[in-house]
$ cat final-v7.cif   # mmCIF, N, CA and C atoms
data_start
loop_
_atom_site.label_atom_id
_atom_site.label_comp_id
_atom_site.auth_asym_id
_atom_site.auth_seq_id
_atom_site.Cartn_x
_atom_site.Cartn_y
_atom_site.Cartn_z
N MET Z 81 105.28 127.12 115.80
CA MET Z 81 105.18 126.93 114.36
C MET Z 81 105.97 125.71 113.90
N LYS Z 82 107.21 125.55 114.42
CA LYS Z 82 108.02 124.41 114.02
C LYS Z 82 107.41 123.10 114.49
N LYS Z 83 106.78 123.11 115.68
CA LYS Z 83 106.14 121.89 116.18
C LYS Z 83 105.00 121.48 115.27
N ILE Z 84 104.26 122.46 114.78
CA ILE Z 84 103.15 122.17 113.87
C ILE Z 84 103.69 121.60 112.57
N LYS Z 85 104.76 122.19 112.05
CA LYS Z 85 105.35 121.70 110.80
C LYS Z 85 105.85 120.26 110.97
N MET Z 86 106.53 119.98 112.09
CA MET Z 86 107.02 118.63 112.33
C MET Z 86 105.86 117.64 112.45
N PHE Z 87 104.76 118.06 113.10
CA PHE Z 87 103.59 117.21 113.22
C PHE Z 87 103.01 116.89 111.84
N LEU Z 88 102.92 117.90 110.99
CA LEU Z 88 102.38 117.68 109.64
C LEU Z 88 103.26 116.75 108.84
N VAL Z 89 104.58 116.91 108.98
CA VAL Z 89 105.51 116.02 108.28
C VAL Z 89 105.31 114.60 108.76
N ALA Z 90 105.24 114.40 110.07
CA ALA Z 90 105.04 113.06 110.62
C ALA Z 90 103.72 112.47 110.15
N LEU Z 91 102.67 113.28 110.08
CA LEU Z 91 101.37 112.81 109.63
C LEU Z 91 101.44 112.35 108.19
N VAL Z 92 102.09 113.11 107.33
CA VAL Z 92 102.21 112.74 105.92
C VAL Z 92 102.98 111.43 105.79
N VAL Z 93 104.05 111.28 106.56
CA VAL Z 93 104.84 110.05 106.49
C VAL Z 93 104.01 108.87 106.99
N MET Z 94 103.27 109.06 108.08
CA MET Z 94 102.42 107.98 108.57
C MET Z 94 101.40 107.56 107.53
N LEU Z 95 100.77 108.52 106.89
CA LEU Z 95 99.80 108.19 105.85
C LEU Z 95 100.45 107.42 104.72
N GLY Z 96 101.67 107.84 104.36
CA GLY Z 96 102.39 107.15 103.30
C GLY Z 96 102.68 105.71 103.67
N LEU Z 97 103.03 105.47 104.94
CA LEU Z 97 103.33 104.12 105.37
C LEU Z 97 102.08 103.25 105.40
N GLN Z 98 100.92 103.87 105.51
CA GLN Z 98 99.68 103.11 105.53
C GLN Z 98 99.12 102.89 104.12
N GLY Z 99 99.88 103.27 103.10
CA GLY Z 99 99.46 102.99 101.74
C GLY Z 99 98.76 104.12 101.03
N ALA Z 100 98.67 105.29 101.65
CA ALA Z 100 97.99 106.40 101.00
C ALA Z 100 98.88 107.10 99.98
N VAL Z 101 100.16 106.78 99.97
CA VAL Z 101 101.09 107.42 99.05
C VAL Z 101 101.53 106.39 98.02
N ALA Z 102 101.33 106.73 96.78
CA ALA Z 102 101.72 105.82 95.70
C ALA Z 102 103.20 106.02 95.36
N SER Z 103 103.82 104.98 94.87
CA SER Z 103 105.21 105.08 94.44
C SER Z 103 105.26 105.57 93.01
N ALA Z 104 106.25 106.40 92.73
CA ALA Z 104 106.44 106.91 91.38
C ALA Z 104 107.52 106.11 90.69
N GLY Z 105 107.48 104.80 90.80
CA GLY Z 105 108.50 103.89 90.33
C GLY Z 105 109.23 104.37 89.08
N GLY Z 106 110.55 104.33 89.14
CA GLY Z 106 111.36 104.68 88.00
C GLY Z 106 111.69 106.16 87.87
N VAL Z 107 111.13 107.02 88.69
CA VAL Z 107 111.43 108.45 88.61
C VAL Z 107 112.69 108.70 89.41
N SER Z 108 113.71 109.25 88.75
CA SER Z 108 114.98 109.46 89.44
C SER Z 108 114.88 110.58 90.45
N GLY Z 109 115.68 110.48 91.51
CA GLY Z 109 115.67 111.47 92.58
C GLY Z 109 116.56 112.65 92.27
N PRO Z 110 116.44 113.69 93.08
CA PRO Z 110 117.26 114.89 92.91
C PRO Z 110 118.73 114.61 93.21
N GLU Z 111 119.60 115.46 92.69
CA GLU Z 111 121.03 115.40 93.02
C GLU Z 111 121.28 116.40 94.14
N LEU Z 112 121.68 115.92 95.31
CA LEU Z 112 121.80 116.71 96.53
C LEU Z 112 123.24 117.01 96.88
N TRP Z 113 123.50 118.21 97.44
CA TRP Z 113 124.81 118.55 97.97
C TRP Z 113 124.66 119.50 99.16
N VAL Z 114 125.69 119.55 100.01
CA VAL Z 114 125.73 120.50 101.13
C VAL Z 114 126.27 121.80 100.56
N ASP Z 115 125.49 122.86 100.68
CA ASP Z 115 125.85 124.15 100.11
C ASP Z 115 126.53 125.06 101.13
N GLY Z 116 126.50 124.68 102.39
CA GLY Z 116 127.17 125.46 103.42
C GLY Z 116 126.80 124.98 104.81
N VAL Z 117 127.75 125.10 105.74
CA VAL Z 117 127.50 124.79 107.14
C VAL Z 117 127.84 126.05 107.93
N PHE Z 118 126.89 126.53 108.71
CA PHE Z 118 127.03 127.77 109.45
C PHE Z 118 126.64 127.52 110.89
N SER Z 119 126.93 128.47 111.76
CA SER Z 119 126.49 128.31 113.15
C SER Z 119 124.97 128.30 113.23
N ALA Z 120 124.29 128.88 112.23
CA ALA Z 120 122.83 128.93 112.21
C ALA Z 120 122.21 127.67 111.59
N GLY Z 121 122.99 126.82 110.98
CA GLY Z 121 122.41 125.62 110.40
C GLY Z 121 123.18 125.07 109.23
N VAL Z 122 122.57 124.13 108.56
CA VAL Z 122 123.14 123.47 107.39
C VAL Z 122 122.28 123.83 106.19
N ARG Z 123 122.91 124.36 105.14
CA ARG Z 123 122.16 124.68 103.92
C ARG Z 123 122.40 123.57 102.90
N LEU Z 124 121.30 122.97 102.47
CA LEU Z 124 121.32 121.94 101.44
C LEU Z 124 120.83 122.52 100.13
N ALA Z 125 121.33 122.01 99.04
CA ALA Z 125 120.84 122.41 97.71
C ALA Z 125 120.74 121.16 96.85
N TRP Z 126 119.82 121.19 95.90
CA TRP Z 126 119.67 120.05 95.00
C TRP Z 126 119.11 120.51 93.68
N GLN Z 127 119.39 119.68 92.67
CA GLN Z 127 118.84 119.91 91.34
C GLN Z 127 117.75 118.91 91.09
N SER Z 128 116.68 119.41 90.53
CA SER Z 128 115.54 118.58 90.19
C SER Z 128 115.71 118.02 88.79
N PRO Z 129 115.61 116.71 88.64
CA PRO Z 129 115.75 116.14 87.29
C PRO Z 129 114.54 116.41 86.40
N ALA Z 130 113.36 116.56 86.98
CA ALA Z 130 112.14 116.68 86.18
C ALA Z 130 111.66 118.12 86.03
N GLY Z 131 111.63 118.86 87.11
CA GLY Z 131 111.16 120.24 87.05
C GLY Z 131 109.66 120.41 87.16
N ASN Z 132 108.92 119.32 87.35
CA ASN Z 132 107.45 119.41 87.43
C ASN Z 132 106.93 118.96 88.80
N GLU Z 133 107.75 119.10 89.84
CA GLU Z 133 107.37 118.64 91.17
C GLU Z 133 106.42 119.61 91.84
N ALA Z 134 105.63 119.08 92.76
CA ALA Z 134 104.81 119.92 93.63
C ALA Z 134 105.64 120.39 94.81
N GLY Z 135 106.66 119.62 95.17
CA GLY Z 135 107.51 119.97 96.29
C GLY Z 135 108.50 118.86 96.58
N PHE Z 136 109.14 118.97 97.76
CA PHE Z 136 110.19 118.03 98.15
C PHE Z 136 110.04 117.65 99.61
N ALA Z 137 110.52 116.46 99.95
CA ALA Z 137 110.58 116.00 101.33
C ALA Z 137 112.05 115.86 101.69
N VAL Z 138 112.47 116.50 102.80
CA VAL Z 138 113.86 116.46 103.26
C VAL Z 138 113.90 115.62 104.53
N GLU Z 139 114.89 114.73 104.62
CA GLU Z 139 115.04 113.86 105.79
C GLU Z 139 116.46 113.97 106.33
N ARG Z 140 116.59 113.80 107.67
CA ARG Z 140 117.90 113.87 108.34
C ARG Z 140 118.09 112.61 109.18
N GLY Z 141 119.35 112.16 109.28
CA GLY Z 141 119.69 111.02 110.12
C GLY Z 141 121.05 111.23 110.76
N THR Z 142 121.39 110.34 111.67
CA THR Z 142 122.68 110.45 112.34
C THR Z 142 123.65 109.36 111.94
N ASP Z 143 123.19 108.41 111.11
CA ASP Z 143 124.07 107.31 110.74
C ASP Z 143 124.12 107.03 109.23
N GLY Z 144 123.37 107.77 108.45
CA GLY Z 144 123.36 107.56 107.00
C GLY Z 144 122.49 106.39 106.56
N VAL Z 145 121.84 105.73 107.52
CA VAL Z 145 120.98 104.59 107.20
C VAL Z 145 119.53 104.88 107.55
N TYR Z 146 119.29 105.35 108.77
CA TYR Z 146 117.94 105.66 109.24
C TYR Z 146 117.73 107.17 109.22
N PHE Z 147 116.59 107.60 108.70
CA PHE Z 147 116.29 109.03 108.53
C PHE Z 147 114.92 109.36 109.11
N SER Z 148 114.78 110.63 109.50
CA SER Z 148 113.49 111.16 109.96
C SER Z 148 113.15 112.38 109.12
N PRO Z 149 111.88 112.58 108.81
CA PRO Z 149 111.49 113.76 108.02
C PRO Z 149 111.69 115.05 108.81
N ILE Z 150 112.21 116.08 108.14
CA ILE Z 150 112.37 117.38 108.80
C ILE Z 150 111.67 118.50 108.03
N ALA Z 151 111.32 118.27 106.79
CA ALA Z 151 110.60 119.30 106.02
C ALA Z 151 109.84 118.64 104.89
N TYR Z 152 108.67 119.21 104.59
CA TYR Z 152 107.83 118.68 103.52
C TYR Z 152 107.17 119.87 102.84
N GLY Z 153 107.24 119.92 101.55
CA GLY Z 153 106.67 121.03 100.80
C GLY Z 153 107.77 121.70 100.01
N LEU Z 154 108.25 122.80 100.52
CA LEU Z 154 109.41 123.52 100.01
C LEU Z 154 109.28 124.06 98.59
N GLU Z 155 108.08 124.14 98.05
CA GLU Z 155 107.98 124.74 96.74
C GLU Z 155 108.33 126.23 96.84
N GLY Z 156 109.03 126.75 95.87
CA GLY Z 156 109.34 128.17 95.84
C GLY Z 156 110.67 128.56 96.45
N LYS Z 157 111.37 127.66 97.12
CA LYS Z 157 112.69 128.00 97.66
C LYS Z 157 113.72 127.60 96.61
N GLN Z 158 113.91 128.50 95.66
CA GLN Z 158 114.72 128.17 94.50
C GLN Z 158 115.86 129.15 94.30
N TYR Z 159 117.01 128.61 93.85
CA TYR Z 159 118.08 129.46 93.34
C TYR Z 159 117.75 129.84 91.89
N ASN Z 160 117.28 128.88 91.15
CA ASN Z 160 116.85 129.06 89.76
C ASN Z 160 115.79 127.99 89.48
N PRO Z 161 115.23 127.93 88.28
CA PRO Z 161 114.09 127.03 88.06
C PRO Z 161 114.30 125.56 88.41
N LYS Z 162 115.52 125.03 88.38
CA LYS Z 162 115.71 123.62 88.68
C LYS Z 162 116.61 123.36 89.88
N THR Z 163 117.05 124.40 90.58
CA THR Z 163 117.91 124.23 91.75
C THR Z 163 117.21 124.79 92.98
N TYR Z 164 117.05 123.95 93.99
CA TYR Z 164 116.32 124.30 95.20
C TYR Z 164 117.25 124.29 96.40
N TYR Z 165 116.82 124.90 97.50
CA TYR Z 165 117.62 124.87 98.71
C TYR Z 165 116.73 124.78 99.95
N PHE Z 166 117.35 124.36 101.05
CA PHE Z 166 116.69 124.27 102.34
C PHE Z 166 117.74 124.49 103.42
N ILE Z 167 117.41 125.27 104.45
CA ILE Z 167 118.32 125.48 105.57
C ILE Z 167 117.77 124.73 106.78
N ASP Z 168 118.55 123.79 107.27
CA ASP Z 168 118.17 123.04 108.47
C ASP Z 168 118.58 123.88 109.67
N SER Z 169 117.68 124.77 110.11
CA SER Z 169 117.98 125.65 111.24
C SER Z 169 117.76 124.95 112.57
N TYR Z 170 117.32 123.72 112.54
CA TYR Z 170 117.16 122.93 113.76
C TYR Z 170 118.49 122.84 114.50
N VAL Z 171 119.58 122.92 113.73
CA VAL Z 171 120.92 122.86 114.30
C VAL Z 171 121.12 123.97 115.32
N SER Z 172 120.74 125.20 114.97
CA SER Z 172 120.94 126.31 115.90
C SER Z 172 119.76 126.49 116.85
N ASN Z 173 118.53 126.26 116.38
CA ASN Z 173 117.35 126.51 117.19
C ASN Z 173 117.13 125.49 118.30
N TYR Z 174 117.52 124.25 118.07
CA TYR Z 174 117.25 123.21 119.05
C TYR Z 174 118.50 122.51 119.53
N GLY Z 175 119.66 123.01 119.11
CA GLY Z 175 120.91 122.52 119.65
C GLY Z 175 121.28 121.10 119.32
N LEU Z 176 121.29 120.75 118.05
CA LEU Z 176 121.86 119.46 117.71
C LEU Z 176 123.31 119.48 118.18
N GLU Z 177 123.85 118.33 118.36
CA GLU Z 177 125.18 118.19 118.92
C GLU Z 177 126.24 118.96 118.12
N ARG Z 178 127.00 119.81 118.82
CA ARG Z 178 128.11 120.51 118.17
C ARG Z 178 129.17 119.48 117.78
N GLY Z 179 129.66 119.60 116.57
CA GLY Z 179 130.63 118.63 116.09
C GLY Z 179 130.00 117.31 115.67
N GLY Z 180 128.66 117.27 115.68
CA GLY Z 180 127.97 116.05 115.25
C GLY Z 180 127.88 115.97 113.74
N GLU Z 181 127.86 114.77 113.24
CA GLU Z 181 127.72 114.57 111.79
C GLU Z 181 126.28 114.15 111.51
N TYR Z 182 125.66 114.84 110.55
CA TYR Z 182 124.27 114.57 110.19
C TYR Z 182 124.19 114.26 108.71
N TYR Z 183 123.29 113.36 108.38
CA TYR Z 183 123.14 112.90 107.01
C TYR Z 183 121.77 113.35 106.50
N TYR Z 184 121.72 113.65 105.21
CA TYR Z 184 120.49 114.16 104.61
C TYR Z 184 120.20 113.45 103.29
N ARG Z 185 118.92 113.39 102.99
CA ARG Z 185 118.48 112.93 101.67
C ARG Z 185 117.17 113.66 101.34
N VAL Z 186 116.84 113.70 100.06
CA VAL Z 186 115.68 114.45 99.57
C VAL Z 186 114.98 113.59 98.52
N ARG Z 187 113.67 113.77 98.42
CA ARG Z 187 112.97 113.21 97.27
C ARG Z 187 111.86 114.16 96.87
N ALA Z 188 111.54 114.13 95.60
CA ALA Z 188 110.51 115.00 95.04
C ALA Z 188 109.16 114.30 95.14
N PHE Z 189 108.10 115.11 95.10
CA PHE Z 189 106.77 114.53 95.03
C PHE Z 189 105.90 115.38 94.13
N LYS Z 190 104.87 114.74 93.60
CA LYS Z 190 103.86 115.46 92.84
C LYS Z 190 102.52 114.82 93.12
N LYS Z 191 101.49 115.60 92.97
CA LYS Z 191 100.12 115.14 93.23
C LYS Z 191 99.50 114.66 91.92
N SER Z 192 98.69 113.64 92.03
CA SER Z 192 97.95 113.16 90.87
C SER Z 192 96.59 112.66 91.35
N LYS Z 193 95.75 112.27 90.44
CA LYS Z 193 94.43 111.76 90.81
C LYS Z 193 94.53 110.50 91.66
N SER Z 194 95.60 109.73 91.47
CA SER Z 194 95.75 108.48 92.22
C SER Z 194 96.48 108.67 93.56
N GLY Z 195 96.85 109.90 93.91
CA GLY Z 195 97.52 110.15 95.19
C GLY Z 195 98.82 110.93 94.99
N THR Z 196 99.66 110.85 95.98
CA THR Z 196 100.95 111.52 95.92
C THR Z 196 101.99 110.55 95.40
N GLN Z 197 102.76 110.98 94.43
CA GLN Z 197 103.81 110.14 93.87
C GLN Z 197 105.16 110.71 94.25
N PHE Z 198 106.05 109.85 94.77
CA PHE Z 198 107.39 110.26 95.16
C PHE Z 198 108.43 109.75 94.17
N SER Z 199 109.48 110.54 93.98
CA SER Z 199 110.63 110.08 93.20
C SER Z 199 111.44 109.14 94.09
N SER Z 200 112.48 108.56 93.54
CA SER Z 200 113.41 107.83 94.38
C SER Z 200 114.18 108.86 95.22
N TYR Z 201 114.88 108.40 96.24
CA TYR Z 201 115.65 109.32 97.08
C TYR Z 201 116.88 109.83 96.33
N SER Z 202 117.32 110.99 96.75
CA SER Z 202 118.58 111.55 96.24
C SER Z 202 119.74 110.75 96.80
N ASN Z 203 120.93 111.13 96.40
CA ASN Z 203 122.13 110.64 97.05
C ASN Z 203 122.11 111.14 98.50
N VAL Z 204 122.84 110.47 99.38
CA VAL Z 204 122.95 110.87 100.78
C VAL Z 204 124.20 111.72 100.93
N VAL Z 205 124.05 112.87 101.62
CA VAL Z 205 125.20 113.74 101.91
C VAL Z 205 125.30 113.93 103.42
N SER Z 206 126.47 114.35 103.88
CA SER Z 206 126.65 114.57 105.31
C SER Z 206 127.25 115.95 105.56
N ALA Z 207 126.99 116.45 106.76
CA ALA Z 207 127.55 117.74 107.19
C ALA Z 207 127.90 117.62 108.66
N LYS Z 208 129.01 118.22 109.04
CA LYS Z 208 129.45 118.23 110.44
C LYS Z 208 129.21 119.61 111.01
N THR Z 209 128.45 119.68 112.11
CA THR Z 209 128.13 120.96 112.72
C THR Z 209 129.30 121.44 113.57
N PHE Z 210 129.28 122.75 113.88
CA PHE Z 210 130.33 123.31 114.75
C PHE Z 210 129.75 124.26 115.75
#
$ encode --input "final-v7.cif" --output "structure tokens"
Amino acid sequence: MKKIKMFLVALVVMLGLQGAVASAGGVSGPELWVDGVFSAGVRLAWQSPAGNEAGFAVERGTDGVYFSPIAYGLEGKQYNPKTYYFIDSYVSNYGLERGGEYYYRVRAFKKSKSGTQFSSYSNVVSAKTF
């Protein structure tokens, strides 16, 4: 199941790079924070500035500069109407480096007649696994 999800995320990103994804220029990104680090993973939370998103794209990196997509969609994982969360269980399921520092960013998306529109990226946050 996770391999299928990662494949779909990669496919969406590839399509976006080929011009199938429109930019939502000027739309501010979510405010992101690390909500907890556990042996089972890293829990991220963010607030949506708009509240009318179709979903969110979450990306992870090891240096705070280069990122790879790890989740796409995420509608319905909410603390409340404007606060969302995601647990990066890849840490426990696939053994990311213990004591490694990982960086995350998020952006919102919505669908329109002209394609998918993305917000700008959130702030970058980091978490150290144990």
$ atom_distance --input "final-v7.cif" --atom1 "atom N of Ile150 (chain Z)" --atom2 "CA of Phe198 (chain Z)"
15.0 Å
$ residues_around --input "final-v7.cif" --residues "Phe189 (chain Z)" --least-positions-apart "2" --cutoff "5 Å" --atoms "all atoms listed in the file" --output "MDAnalysis selection string"
chainID Z and resid 133:136 187 191 197:199
$ closest_residue --input "final-v7.cif" --among "Z:Val205, Z:Ala137, Z:Ile167, Z:Val145" --to "Gly121 (chain Z)" --atoms "only N, CA and C atoms"
Z:Ile167
$ closest_residue --input "final-v7.cif" --among "Z:Leu124, Z:Ala207, Z:Ala188, Z:Val117" --to "Gly144 (chain Z)" --atoms "only C-alpha atoms"
Z:Ala207
$ residues_around --input "final-v7.cif" --residues "Ala130 (chain Z)" --least-positions-apart "6" --cutoff "8 Å" --atoms "only N, CA and C atoms" --output "ChimeraX atom specification"
/Z:108-110,162
$ closest_residue --input "final-v7.cif" --among "Z:Phe166, Z:Phe147, Z:Tyr152, Z:Tyr159" --to "Tyr182 (chain Z)" --atoms "only C-alpha atoms"
Z:Phe147
$ closest_residue --input "final-v7.cif" --among "Z:Asp115, Z:Tyr201, Z:Ser148, Z:Tyr170" --to "Pro129 (chain Z)" --atoms "only C-alpha atoms"
Z:Tyr201
$ atom_distance --input "final-v7.cif" --atom1 "CA of Asn203 (chain Z)" --atom2 "atom N of Asp168 (chain Z)"
17.0 Å
$ atom_distance --input "final-v7.cif" --atom1 "CA of Ser128 (chain Z)" --atom2 "atom N of Leu176 (chain Z)"
28.5 Å
$ closest_residue --input "final-v7.cif" --among "Z:Ser169, Z:Arg140, Z:Thr209, Z:Ser202" --to "Ala120 (chain Z)" --atoms "only N, CA and C atoms"
Z:Ser169
$ select_by_dssp --input "final-v7.cif" --residues "region 96-208 of chain Z" --states "strand (DSSP E)" --output "number ranges by chain"
Z: 101-103, 111-118, 121-127, 135-141, 148-153, 158-160, 163-168, 181-192, 195-198, 205-208
$ decode --input "final-v7.cif" --residues "region 120-152 of chain Z" --atoms "N, CA and C atoms" --output "short mmCIF file (atom, residue, chain, number, x, y, z; two decimals), in the first residue's frame"
data_model
loop_
_atom_site.label_atom_id
_atom_site.label_comp_id
_atom_site.auth_asym_id
_atom_site.auth_seq_id
_atom_site.Cartn_x
_atom_site.Cartn_y
_atom_site.Cartn_z
N ALA Z 120 7.54 5.77 16.84
CA ALA Z 120 6.73 5.36 15.69
C ALA Z 120 6.77 6.38 14.55
N GLY Z 121 7.32 7.55 14.77
CA GLY Z 121 7.37 8.52 13.69
C GLY Z 121 7.38 9.96 14.15
N VAL Z 122 7.21 10.84 13.21
CA VAL Z 122 7.18 12.28 13.45
C VAL Z 122 5.78 12.78 13.12
N ARG Z 123 5.16 13.47 14.07
CA ARG Z 123 3.83 14.04 13.81
C ARG Z 123 3.99 15.52 13.50
N LEU Z 124 3.50 15.90 12.33
CA LEU Z 124 3.50 17.29 11.89
C LEU Z 124 2.10 17.85 12.00
N ALA Z 125 2.00 19.12 12.25
CA ALA Z 125 0.69 19.79 12.27
C ALA Z 125 0.86 21.14 11.58
N TRP Z 126 -0.23 21.62 10.99
CA TRP Z 126 -0.18 22.92 10.33
C TRP Z 126 -1.55 23.54 10.32
N GLN Z 127 -1.53 24.87 10.20
CA GLN Z 127 -2.77 25.63 10.07
C GLN Z 127 -2.90 26.10 8.64
N SER Z 128 -4.10 25.96 8.14
CA SER Z 128 -4.41 26.37 6.79
C SER Z 128 -4.85 27.83 6.79
N PRO Z 129 -4.22 28.66 5.98
CA PRO Z 129 -4.63 30.07 5.95
C PRO Z 129 -5.97 30.29 5.24
N ALA Z 130 -6.32 29.42 4.30
CA ALA Z 130 -7.52 29.64 3.49
C ALA Z 130 -8.71 28.82 3.95
N GLY Z 131 -8.51 27.56 4.20
CA GLY Z 131 -9.61 26.70 4.62
C GLY Z 131 -10.42 26.11 3.49
N ASN Z 132 -10.05 26.37 2.24
CA ASN Z 132 -10.82 25.85 1.10
C ASN Z 132 -9.99 24.90 0.24
N GLU Z 133 -9.01 24.24 0.84
CA GLU Z 133 -8.12 23.35 0.10
C GLU Z 133 -8.79 22.02 -0.21
N ALA Z 134 -8.31 21.39 -1.27
CA ALA Z 134 -8.72 20.02 -1.56
C ALA Z 134 -7.83 19.06 -0.78
N GLY Z 135 -6.63 19.49 -0.45
CA GLY Z 135 -5.70 18.65 0.29
C GLY Z 135 -4.35 19.32 0.41
N PHE Z 136 -3.36 18.51 0.83
CA PHE Z 136 -2.02 19.02 1.09
C PHE Z 136 -0.97 18.06 0.56
N ALA Z 137 0.19 18.59 0.22
CA ALA Z 137 1.34 17.80 -0.18
C ALA Z 137 2.42 17.99 0.88
N VAL Z 138 2.93 16.89 1.43
CA VAL Z 138 3.97 16.93 2.47
C VAL Z 138 5.26 16.42 1.85
N GLU Z 139 6.36 17.13 2.13
CA GLU Z 139 7.67 16.74 1.60
C GLU Z 139 8.68 16.64 2.74
N ARG Z 140 9.67 15.73 2.56
CA ARG Z 140 10.72 15.52 3.57
C ARG Z 140 12.08 15.63 2.89
N GLY Z 141 13.07 16.15 3.63
CA GLY Z 141 14.44 16.23 3.14
C GLY Z 141 15.42 15.99 4.27
N THR Z 142 16.68 15.87 3.92
CA THR Z 142 17.70 15.63 4.94
C THR Z 142 18.61 16.83 5.14
N ASP Z 143 18.42 17.88 4.34
CA ASP Z 143 19.31 19.03 4.47
C ASP Z 143 18.58 20.38 4.55
N GLY Z 144 17.27 20.37 4.47
CA GLY Z 144 16.50 21.61 4.54
C GLY Z 144 16.47 22.38 3.22
N VAL Z 145 17.11 21.83 2.18
CA VAL Z 145 17.14 22.48 0.88
C VAL Z 145 16.42 21.65 -0.17
N TYR Z 146 16.77 20.37 -0.26
CA TYR Z 146 16.17 19.46 -1.23
C TYR Z 146 15.15 18.57 -0.54
N PHE Z 147 13.97 18.42 -1.14
CA PHE Z 147 12.87 17.67 -0.53
C PHE Z 147 12.31 16.65 -1.52
N SER Z 148 11.72 15.60 -0.97
CA SER Z 148 11.02 14.59 -1.76
C SER Z 148 9.60 14.46 -1.22
N PRO Z 149 8.63 14.25 -2.09
CA PRO Z 149 7.24 14.09 -1.63
C PRO Z 149 7.07 12.80 -0.83
N ILE Z 150 6.31 12.89 0.27
CA ILE Z 150 6.03 11.68 1.06
C ILE Z 150 4.53 11.46 1.24
N ALA Z 151 3.72 12.46 0.99
CA ALA Z 151 2.26 12.29 1.11
C ALA Z 151 1.56 13.33 0.26
N TYR Z 152 0.43 12.92 -0.31
CA TYR Z 152 -0.35 13.83 -1.15
C TYR Z 152 -1.81 13.51 -0.92
#
